[in-house]
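The data block below is structure.tsv; it holds TSV, C-alpha atoms.
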```
chain	number	residue	atom	x	y	z
A	1	MET	CA	125.15	94.81	18.06
A	2	PRO	CA	123.02	92.72	20.43
A	3	THR	CA	124.92	90.67	23.00
A	4	ALA	CA	124.20	87.09	24.08
A	5	LEU	CA	125.48	85.44	27.25
A	6	ILE	CA	125.82	81.65	26.98
A	7	THR	CA	126.75	79.55	29.99
A	8	GLY	CA	128.31	76.16	29.40
A	9	ALA	CA	129.36	77.63	26.07
A	10	THR	CA	132.25	75.39	25.02
A	11	ALA	CA	130.44	72.16	24.11
A	12	GLY	CA	127.15	70.62	23.11
A	13	ILE	CA	124.03	72.78	23.07
A	14	GLY	CA	125.95	75.78	24.41
A	15	ALA	CA	128.47	75.60	21.56
A	16	ALA	CA	125.60	75.22	19.08
A	17	PHE	CA	123.96	78.38	20.47
A	18	ALA	CA	127.29	80.19	20.11
A	19	ARG	CA	127.63	79.14	16.45
A	20	ARG	CA	124.09	80.16	15.59
A	21	LEU	CA	124.00	83.46	17.47
A	22	SER	CA	127.41	84.50	16.15
A	23	ALA	CA	126.17	83.82	12.62
A	24	ASP	CA	123.06	85.88	13.41
A	25	GLY	CA	125.22	88.89	14.31
A	26	PHE	CA	125.35	88.71	18.09
A	27	ASP	CA	128.36	89.66	20.12
A	28	LEU	CA	128.97	86.81	22.56
A	29	ILE	CA	129.78	86.50	26.25
A	30	LEU	CA	130.96	82.92	26.68
A	31	LEU	CA	130.97	81.53	30.23
A	32	ALA	CA	132.48	78.20	31.25
A	33	ARG	CA	135.03	76.68	33.63
A	34	ASP	CA	137.71	75.69	31.11
A	35	ALA	CA	139.83	78.72	30.17
A	36	GLU	CA	141.63	76.94	27.33
A	37	ARG	CA	138.44	75.78	25.63
A	38	LEU	CA	136.88	79.22	26.13
A	39	ALA	CA	139.85	80.84	24.38
A	40	ARG	CA	139.48	78.47	21.42
A	41	ALA	CA	135.74	79.19	21.24
A	42	ALA	CA	136.36	82.94	21.29
A	43	ASP	CA	138.88	82.61	18.47
A	44	GLU	CA	136.36	80.62	16.46
A	45	HIS	CA	133.46	83.03	16.79
A	46	GLY	CA	135.07	86.47	17.02
A	47	ARG	CA	133.39	89.40	18.80
A	48	SER	CA	133.51	87.32	21.97
A	49	GLU	CA	134.19	88.06	25.62
A	50	VAL	CA	135.13	85.14	27.83
A	51	VAL	CA	134.18	84.67	31.48
A	52	VAL	CA	136.02	81.85	33.24
A	53	ALA	CA	133.62	80.90	36.04
A	54	ASP	CA	132.33	77.87	37.89
A	55	LEU	CA	128.60	78.24	38.56
A	56	ALA	CA	128.90	75.80	41.45
A	57	THR	CA	130.64	78.58	43.42
A	58	GLU	CA	129.45	81.92	44.79
A	59	GLU	CA	132.18	83.72	42.87
A	60	GLY	CA	131.17	82.03	39.64
A	61	ILE	CA	127.49	82.87	40.01
A	62	ALA	CA	128.36	86.49	40.84
A	63	ALA	CA	130.45	86.70	37.65
A	64	GLY	CA	127.51	85.27	35.73
A	65	GLU	CA	125.14	87.83	37.24
A	66	ASP	CA	127.43	90.66	36.15
A	67	ALA	CA	127.53	89.33	32.60
A	68	ALA	CA	123.75	88.76	32.54
A	69	ARG	CA	123.08	92.40	33.35
A	70	ARG	CA	124.95	93.39	30.18
A	71	ALA	CA	123.34	90.85	27.84
A	72	ASP	CA	120.38	91.21	25.50
A	73	LEU	CA	119.85	87.45	25.43
A	74	VAL	CA	120.80	85.04	28.23
A	75	ILE	CA	121.13	81.31	27.55
A	76	ASN	CA	121.31	79.47	30.88
A	77	ASN	CA	122.73	76.23	29.52
A	78	ALA	CA	125.38	75.04	32.00
A	79	GLY	CA	124.59	71.68	33.56
A	80	PHE	CA	125.69	68.12	34.13
A	81	GLY	CA	124.39	64.66	34.95
A	82	HIS	CA	125.46	61.81	37.17
A	83	THR	CA	124.69	58.13	37.53
A	84	GLY	CA	123.28	56.13	40.39
A	85	ARG	CA	120.18	56.01	42.51
A	86	PHE	CA	119.43	58.89	44.87
A	87	LEU	CA	121.10	57.42	47.96
A	88	ASP	CA	124.10	56.21	45.94
A	89	VAL	CA	125.07	59.71	44.80
A	90	PRO	CA	127.22	61.74	47.24
A	91	LEU	CA	125.19	64.49	48.89
A	92	GLU	CA	127.78	67.08	47.86
A	93	ASP	CA	127.24	66.16	44.19
A	94	GLU	CA	123.47	66.48	44.56
A	95	LEU	CA	123.79	69.92	46.15
A	96	THR	CA	126.22	71.04	43.44
A	97	MET	CA	123.68	70.00	40.82
A	98	LEU	CA	120.96	72.04	42.51
A	99	ARG	CA	123.24	75.06	42.66
A	100	VAL	CA	124.17	74.90	38.97
A	101	HIS	CA	120.75	73.88	37.62
A	102	CYS	CA	118.55	75.96	39.95
A	103	GLU	CA	120.31	78.68	41.95
A	104	ALA	CA	122.49	79.86	39.06
A	105	VAL	CA	119.50	79.89	36.67
A	106	LEU	CA	117.40	81.85	39.15
A	107	ARG	CA	120.10	84.41	39.93
A	108	LEU	CA	121.23	85.01	36.35
A	109	THR	CA	117.62	85.35	35.19
A	110	ARG	CA	116.87	87.74	38.04
A	111	ALA	CA	119.98	89.79	37.21
A	112	ALA	CA	119.11	90.00	33.51
A	113	LEU	CA	115.40	90.85	33.46
A	114	PRO	CA	115.33	94.36	35.01
A	115	ALA	CA	118.12	95.59	32.73
A	116	MET	CA	116.39	94.09	29.71
A	117	ARG	CA	113.10	95.76	30.58
A	118	GLU	CA	114.87	99.09	31.05
A	119	ARG	CA	116.52	98.77	27.62
A	120	GLY	CA	113.27	97.62	26.04
A	121	ARG	CA	114.73	94.45	24.55
A	122	GLY	CA	116.05	91.04	25.52
A	123	GLY	CA	115.04	87.62	26.71
A	124	VAL	CA	116.11	84.49	28.59
A	125	ILE	CA	116.25	80.86	27.49
A	126	ASN	CA	116.74	78.35	30.31
A	127	VAL	CA	117.86	74.92	29.15
A	128	ALA	CA	115.86	72.21	30.93
A	129	SER	CA	115.17	68.69	29.61
A	130	VAL	CA	112.44	66.30	28.55
A	131	GLY	CA	113.45	64.61	31.80
A	132	ALA	CA	111.56	67.41	33.56
A	133	PHE	CA	108.31	65.67	32.66
A	134	PHE	CA	109.30	62.19	33.85
A	135	PRO	CA	110.44	61.76	37.49
A	136	ARG	CA	114.03	60.55	37.62
A	137	GLY	CA	116.31	61.58	40.47
A	138	THR	CA	117.67	65.00	41.27
A	139	TYR	CA	118.47	65.73	37.62
A	140	GLY	CA	114.84	65.40	36.52
A	141	ALA	CA	113.63	67.25	39.61
A	142	SER	CA	116.02	70.15	38.97
A	143	LYS	CA	114.94	70.40	35.35
A	144	ALA	CA	111.27	70.30	36.38
A	145	TRP	CA	112.06	73.28	38.58
A	146	VAL	CA	113.63	75.09	35.61
A	147	VAL	CA	110.45	74.60	33.56
A	148	SER	CA	108.16	75.77	36.36
A	149	PHE	CA	110.40	78.71	37.22
A	150	SER	CA	110.65	79.84	33.60
A	151	GLN	CA	106.89	79.70	33.11
A	152	ALA	CA	106.34	81.68	36.32
A	153	ALA	CA	108.95	84.27	35.38
A	154	ALA	CA	107.39	84.69	31.95
A	155	GLN	CA	104.00	85.24	33.59
A	156	ASP	CA	105.22	87.59	36.31
A	157	PHE	CA	107.67	89.66	34.26
A	158	THR	CA	105.70	90.57	31.16
A	159	GLY	CA	107.47	92.38	28.37
A	160	VAL	CA	110.65	90.29	28.47
A	161	PRO	CA	110.24	86.72	27.16
A	162	VAL	CA	111.47	83.78	29.23
A	163	MET	CA	111.40	80.25	27.83
A	164	ALA	CA	112.38	76.77	29.04
A	165	LEU	CA	114.06	74.61	26.39
A	166	CYS	CA	113.43	70.89	26.93
A	167	PRO	CA	115.51	68.72	24.60
A	168	GLY	CA	115.64	64.95	24.71
A	169	PHE	CA	118.83	62.98	24.03
A	170	VAL	CA	121.28	65.15	22.06
A	171	HIS	CA	124.60	64.21	20.48
A	172	THR	CA	126.94	66.04	22.90
A	173	GLU	CA	129.61	65.27	25.52
A	174	PHE	CA	126.96	65.22	28.25
A	175	HIS	CA	126.53	61.46	28.66
A	176	GLU	CA	130.22	60.69	28.24
A	177	ARG	CA	131.13	63.13	31.00
A	178	ALA	CA	128.49	61.57	33.25
A	179	ARG	CA	129.81	58.08	32.39
A	180	ILE	CA	126.43	56.98	31.08
A	181	ASP	CA	126.46	54.25	28.46
A	182	MET	CA	124.07	55.29	25.68
A	183	SER	CA	125.11	52.68	23.13
A	184	ARG	CA	121.75	50.89	23.25
A	185	LEU	CA	119.58	53.97	22.79
A	186	PRO	CA	117.54	53.75	19.55
A	187	SER	CA	118.83	56.13	16.88
A	188	ILE	CA	115.38	57.71	16.47
A	189	LEU	CA	115.72	59.27	19.92
A	190	TRP	CA	118.92	61.18	19.14
A	191	LEU	CA	118.77	64.87	18.24
A	192	ASP	CA	121.38	67.12	16.65
A	193	ALA	CA	122.48	70.10	18.75
A	194	ASP	CA	122.22	72.57	15.87
A	195	ASP	CA	118.67	71.38	15.13
A	196	VAL	CA	117.76	71.80	18.82
A	197	VAL	CA	119.01	75.39	18.79
A	198	ALA	CA	117.17	76.20	15.56
A	199	ALA	CA	113.92	74.87	17.04
A	200	ALA	CA	114.51	76.73	20.30
A	201	LEU	CA	115.05	80.09	18.63
A	202	ARG	CA	112.03	79.56	16.38
A	203	ASP	CA	109.81	78.81	19.40
A	204	PHE	CA	111.33	81.72	21.32
A	205	ARG	CA	110.45	84.15	18.52
A	206	ARG	CA	106.90	82.77	18.55
A	207	GLY	CA	106.55	83.63	22.23
A	208	GLN	CA	106.38	80.09	23.58
A	209	THR	CA	107.32	79.56	27.23
A	210	VAL	CA	108.25	75.89	26.79
A	211	SER	CA	110.03	74.44	23.75
A	212	VAL	CA	110.28	70.68	23.14
A	213	PRO	CA	112.33	70.08	19.95
A	214	GLY	CA	111.65	66.99	17.83
A	215	LEU	CA	108.35	65.41	16.88
A	216	GLN	CA	109.24	62.23	18.76
A	217	TYR	CA	109.70	64.16	22.00
A	218	LYS	CA	106.63	66.31	21.48
A	219	ALA	CA	104.67	63.05	21.20
A	220	LEU	CA	106.39	61.56	24.25
A	221	VAL	CA	105.73	64.59	26.44
A	222	GLY	CA	102.15	64.80	25.20
A	223	ALA	CA	101.52	61.14	26.00
A	224	GLY	CA	103.17	61.57	29.38
A	225	ARG	CA	100.43	63.95	30.46
A	226	PHE	CA	97.96	61.05	30.42
A	227	ILE	CA	100.17	58.56	32.29
A	228	PRO	CA	99.74	58.41	36.10
A	229	ARG	CA	102.77	59.90	37.85
A	230	ASN	CA	103.66	56.67	39.66
A	231	LEU	CA	103.74	54.73	36.37
A	232	ALA	CA	105.77	57.46	34.70
A	233	ALA	CA	108.26	57.35	37.57
A	234	ARG	CA	108.67	53.57	37.31
A	235	PHE	CA	109.12	53.76	33.53
A	236	SER	CA	111.63	56.60	33.81
A	237	GLY	CA	113.59	54.77	36.48
A	238	ARG	CA	113.86	51.58	34.44
A	239	THR	CA	114.82	53.49	31.30
A	240	GLY	CA	117.44	55.50	33.14
A	241	ARG	CA	119.06	52.43	34.69
A	242	LYS	CA	119.17	50.74	31.29
A	243	HIS	CA	121.28	53.58	29.89
A	244	GLN	CA	123.86	53.95	32.64
```
How would this structure read if it were set down as structure tokens?
Amino acid sequence: MPTALITGATAGIGAAFARRLSADGFDLILLARDAERLARAADEHGRSEVVVADLATEEGIAAGEDAARRADLVINNAGFGHTGRFLDVPLEDELTMLRVHCEAVLRLTRAALPAMRERGRGGVINVASVGAFFPRGTYGASKAWVVSFSQAAAQDFTGVPVMALCPGFVHTEFHERARIDMSRLPSILWLDADDVVAAALRDFRRGQTVSVPGLQYKALVGAGRFIPRNLAARFSGRTGRKHQ
């Protein structure tokens, strides 16, 4: 049986990946901070190993690296958001975000790829965001890094596919945990987590290095390429403040 490692596996997109990959016959390695929720997820899916780890710590990243070396598919999904302008967010919170969104993604990808190449199978999906294409604080910057890193890794390490997944707004716990009020967001901009995962796996099988689920977000990202960066930054900033 192939094995998939999913970080941030107990909710949202991570939980949707777990449901889909379990149904597809994968054994699962589920990594998250909450031991109780991990145990419930393992009971739900069967054929699951749990790794209780916080990717904001050295010990947590090391545990993730160990699991990544044993996986045939790695889903780097763990992440979080926060509110406030750059100078209003505590520096410690910004650095934690960079560690989870960037350092952990880099190290787990680096741990996984050589073993996958040696086995002759495998791949990595790094969950970024549509926010990667529109400047907006450390969150958007970290996700832009994930996209660039994934594209570079795919180019440099041929034979093992690496893809960045860039969803827009998805019905998950993400915004509630970040205390972001999304009540005024138009319904057309919401995506379903299971639909996001289905699109991601379809694009991954096709060999794409960047996946943007949803026609509305494909159009938005496409249009964004023709908008000057300073205008895109102002638009993104106003939109972000409206929904927080």
If we count all atoms listed in the file, what is near A:Leu30 at a cut-off of 6 Å, once residues fewer than 6 positions away on the same chain are taken out, given as a list of chain:residue names?
A:Ile6, A:Ala9, A:Val50
With all atoms listed in the file as the basis for distance, which of A:Thr109, A:His101, A:Val160, A:Ala198 is at the shortest distance from A:Ala144?
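Ranking A:Thr109, A:His101, A:Val160, A:Ala198 by distance to A:Ala144, first place goes to A:His101.
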Name the residues in contact with stretch 35-41 of chain A at a cut-off of 9 Å, using only C-alpha atoms, excluding same-chain residues fewer than 5 positions from it; report them as a list of chain:residue names.
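The residues satisfying every condition are A:Ala9, A:Thr10, A:Ala11, A:Ala15, A:Ala18, A:Leu30, A:Gly46, A:Ser48, A:Val50, A:Val51, A:Val52, A:Ala53.
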One decimal, in Å: what's the spacing between atom CA of A:Val170 and atom CA of A:His45?
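Going from atom CA of A:Val170 over to atom CA of A:His45 covers 22.3 Å.
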Taking into account only C-alpha atoms, which residue in the set A:Val130, A:Asp54, A:Asp156, A:Ala4 is nearest to A:Ser211?
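Ranked by minimum distance to A:Ser211, first place goes to A:Val130.
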Kindly indicate which residue among A:Phe133, A:Phe149, A:Phe86, A:Phe157 lies nearest to A:Arg107, using only C-alpha atoms for the distances.
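Smallest separation from A:Arg107 among the options: A:Phe149.
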Which residues, written as a list in words, have at least one atom at most 8 Å from A:Ala141, with all atoms listed in the file counted and residues fewer than 5 positions away on the same chain left out?
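Neighbouring residues, sequence-local ones excluded: Ala132, Pro135 and Arg136 of chain A.
Shortest separation to A:Ala16 among A:Arg121, A:Arg47, A:Arg69, A:His171 occurs at residue A:His171, atoms counted being all atoms listed in the file.
The gap separating atom CA of A:Ala199 from atom CA of A:Gly79 is 19.9 Å, in Å to one decimal.
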Two-atom distance - atom CA of A:Val74, atom CA of A:Met1 (Å)
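Atom CA of A:Met1 lies 14.8 Å from atom CA of A:Val74.
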I'd like to know which of A:Ser187, A:Thr209, A:Gln155, A:Ser129 is closest to A:Lys143, using all atoms listed in the file.
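Answer, going by the shortest atom-to-atom distance: A:Ser129.
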Nearby residues (all atoms listed in the file) at most 12 Å from A:Leu55, same-chain spacing under 6 positions excluded, as a ChimeraX atom specification:
/A:7-8,31-33,61-65,76-80,96-108
Given the point (109.6, 66.4, 17.5) in the file's coordinates, find the residues that have an atom at most 12 Å from it, counting only C-alpha atoms, and give them as a PyMOL selection string.
chain A and resi 130+166-169+188-192+195-196+199-200+211-222
A:Glu59, A:Asp66, A:Glu94, A:Arg110 ranked by distance to A:Ala154, top pick (using all atoms listed in the file):
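Closest to A:Ala154, using all atoms listed in the file: A:Arg110.
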Need to verify the contact set: A:Phe204, 8 Å, only C-alpha atoms, exclusion of same-chain residues closer than 6 positions in sequence. Can you return it as an MDAnalysis selection string?
chainID A and resid 125 161 163 211
